[in-house]
Structure formats: structure tokens, C-alpha cells
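Undergrad: Before I ask anything, let me first share the structure, which is written out below as C-alpha cells.
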Amino acid sequence: MEGISPVPREARPYQGQRAGLVTRLIANTVDALSVCAALLATYAGFNALLFLINPRDFEFATASALLSVTTALFALIVYMTAAWSITGRTYGDHVMGLRVVGRRGDRVWPPTALVRAALCVGFPIGLLWCGVSPSRRSVQDFLVRTSVIYDWRPRRAGR
Amino acid sequence: MMDIALGILVQARNRAVFLGHPLLLFMRPTARLVLRPPLVPRRLQAGTWLRTAADRGSAYRGETWHELDVVLDRLLPALLTEMMRHVNVTDLLQENVDVVSLAEEVIAKIDLPEIIRDSTGAVASDTLLGVRMHSISGDDAIARAVDRLRLRLTRGAVAPGVAAPVPAPDETVVVVSTGTDPPAGTR
């Protein structure tokens, strides 16, 4: 007996299969929004700190657009690298029931996760390839030999 | 062997029924005559005595069962308690029954995860389930559309080359028949 599956009945046929474009797009959108929200919260917190330190001369901190975008992309890369190498899923993946796995369905190692994250952030349009690829792999997946699978279980198999 | 034995038994039973039927026809009026003889007062008839004895026996049986119930109600709990003091049922079960497998089987049968999902945060999990299933349907729809497109493109690309090669006029074609007829021959 293989144990009790926490996956709902209707999703069991898809468990472990490679995910398609729609699910991955939604997951990535959730991730981007999450990082934006986190950055905004950090910015608000930083300004609140400035206000507490010197309320009389308080002004909102300003930064150039280039610095803001660079920070956001860097934060996204760090976040994705950490998430994929630790749990195999970002928050967006968790919401959509996805997991990033290595070549043999195992964990993604931190260097691989870093390269993948950099590729995802630097060349996001590469994701669209999973819509036309028969193996449902994006350009990033082909380059670093990873896959994104449907995995509704809370933890990785075998843990 | 079993079938033979059963056949013999069935045959014997049928024969007994066949022979016993006339006997029963004879016995029934005889028994009625013995139990309820005419011209004998009803209270002195054998049937009345037997009925009275049966009633008395029935009442006695009821009383006995009741008394037995009372005794068992007192005796069994004490007996079982004493037995349980000497036997560790938990150890026995753990040694002789694969409790984990049994529990997993039961939980799988009743789909406990489904029950837990239903009972906790039903709205959120239902919404999430809906979103995930819709996105999976979207994935499948895109995959199907791309497959169709690919097939169409492949056909379009292959179509000019698909035409069967036309044999040269002096080429020999061997036609092999799959039936009983001899090969149609050559031309």
C-alpha cells in the first residue's frame, strides 16, 4: 500500500506531470506581485523608520527608477533561488500546486536554482516555450535541465 | 467426488420425500385422533395436557433465560476484568495485527483527507481547488491546440511527399493475395 494521498481525487491523475503555460504564468504573476508587495512593504517600513528617527525633517526616501528596478529584479532572483533550492516551490508555485524539480525529479541544487532564477528574471519570455514544447519545458528548463510539475502535496515525495 | 456425494444425497432426499408424503397423509389424522379423541372432555384430552406442558416449559425457559442473563451480567464483567488484568490486549494487537496498514486502509477507504478538507477552510480550499483545476484545464487546452496546429503543419509539410510513388511502365509489380486464391500474378 502506497499510503494516503492528500491530493484531491480530481487532481490525482495530474500529480507529477509537467505543468503547462497557464498554471505557470499564474504562478509567476503571483510571485512577481508577492515580491512587489514585499518591496513596497520594505519601502514603507524604511520610511516609517526615517520618520521615527527624525519626524521634523521627514521626507519620503527617493530612488532612481533604475535602482528600483534593479533592486526588484535582484530580490526576485534571491527569492526564487532560495525558494527553489529549499522547498522546490515559490509562493506562486505553492498557490498553484507546482514544484520545480531537477533532472531526475529530485531537488534543485542552489547553483542550478540561481542560474534558473537569473534566466527567468532576465529572459521571462522563455516561459512561453513551455506552451509549444511537447515536453512542456520552458527555455530555462531546457538550459538547466529542470522541470515544473504539478505537485499538490505539501511536502516533497520521500521526505 | 463432491458432486457425486451431493447427487446421491439429493436423490436420497427426494426419495425420502416421495416415500414420506403418503406416510404423512396417514400420520396426520392419526395424531389428531390421538391428541383430540372425540367424546373425551377437552381438559382430559392428550392435546390439552401437551399444550399445558408446553406452556409451562415456555414459561420456565423464559424465567431460566432471565436468571441466566442476571448471572451473566454480574459474572462476565468481573471475569473479563480479571482476564484483562492478565492479558495486555494492546501488545497482543500490536504483535498480531498490522495496525498501521489497517488504519491506512480504513483512512483510504473513507478518504479522510477529503473529509478534513471539507471540514476545515472549505471556502478557501474550494476556491483554490477551482483555480488550480481551471488552470490545469487551460494547460490542457493550450496543449491540444498546439498539437492540432503542429499536426496541421506537419501534414502540410508532408503532403507533397506523401503521394505514392508511381511505378515505372516496365517495372514488375508482384501482387500477393491474402486469401486462398493463388497470387494474382505479375504484370
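Labels for the C-alpha cells follow display order: chains A, B, ..., residues from 1 in each chain, ligands from 1.
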Residues of chain A within 7 Å of chain B, counting only C-alpha atoms, what are they? List them as a VMD selection string.
TA: chain A and resid 3 to 4 6 8 20 to 23 96 131 to 132
Undergrad: Neighbouring residues of Tyr43 of chain A were defined as those with any atom within 12 Å, considering only C-alpha atoms; residues of the same chain fewer than 6 positions away were excluded. Please report them as a list in words.
TA: Cys36, Ala37, Leu49, Leu50, Phe60, Ala61, Thr62, Ala63, Ser68, Thr71 and Ala72 of chain A
Undergrad: What would the file look like if the residues just selected were written as a PDB file, in the first residue's frame with C-alpha atoms?
TA:
```
ATOM      1  CA  CYS A  36       6.470  43.812  -5.379  1.00  0.00           C
ATOM      2  CA  ALA A  37       4.350  43.750  -2.233  1.00  0.00           C
ATOM      3  CA  LEU A  49      11.882  54.238  10.439  1.00  0.00           C
ATOM      4  CA  LEU A  50      13.118  57.508   8.952  1.00  0.00           C
ATOM      5  CA  PHE A  60       9.973  60.114   1.652  1.00  0.00           C
ATOM      6  CA  ALA A  61      13.130  58.389   0.520  1.00  0.00           C
ATOM      7  CA  THR A  62      13.598  58.597  -3.218  1.00  0.00           C
ATOM      8  CA  ALA A  63      15.478  56.301  -5.520  1.00  0.00           C
ATOM      9  CA  SER A  68      14.345  50.404  -8.040  1.00  0.00           C
ATOM     10  CA  THR A  71      16.612  46.003  -6.633  1.00  0.00           C
ATOM     11  CA  ALA A  72      13.308  44.390  -7.547  1.00  0.00           C
TER      12      ALA A  72
END
```
Undergrad: Quote the spacing between atom CA of Arg103 of chain A and atom CA of Arg145 of chain A in Å to one decimal place.
TA: 5.6 Å
Undergrad: Just to confirm, what's the straight-line distance from atom CA of Leu119 of chain A to atom CA of Phe74 of chain A in Å (one decimal)?
TA: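 For atom CA of Leu119 of chain A relative to atom CA of Phe74 of chain A, the distance reads 12.0 Å.
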Undergrad: Among the residues of chain A, find those DSSP assigns to strand (DSSP E) from the backbone and print them as a count of residues only.
TA: 8
Undergrad: Please list as a VMD selection string every residue within 9 Å of Ile86 of chain A, counting only C-alpha atoms and excluding residues in the same chain fewer than 2 positions away.
TA: chain A and resid 81 to 84 88 to 89 107 to 110
Undergrad: For the structure I just gave you, how does DSSP split segment 58-135 of chain A - specifically, which residues are alpha helix (DSSP H)? Reply as number ranges by chain.
TA: A: 65-86, 91-96, 110-122, 129-132
Undergrad: List the neighbours of Thr90 of chain A out to 8 Å using only C-alpha atoms; skip same-chain residues closer than 3 positions along the sequence, and give me the result as a VMD selection string.
TA: chain A and resid 31 79 to 80 83 to 84 87 93 to 94
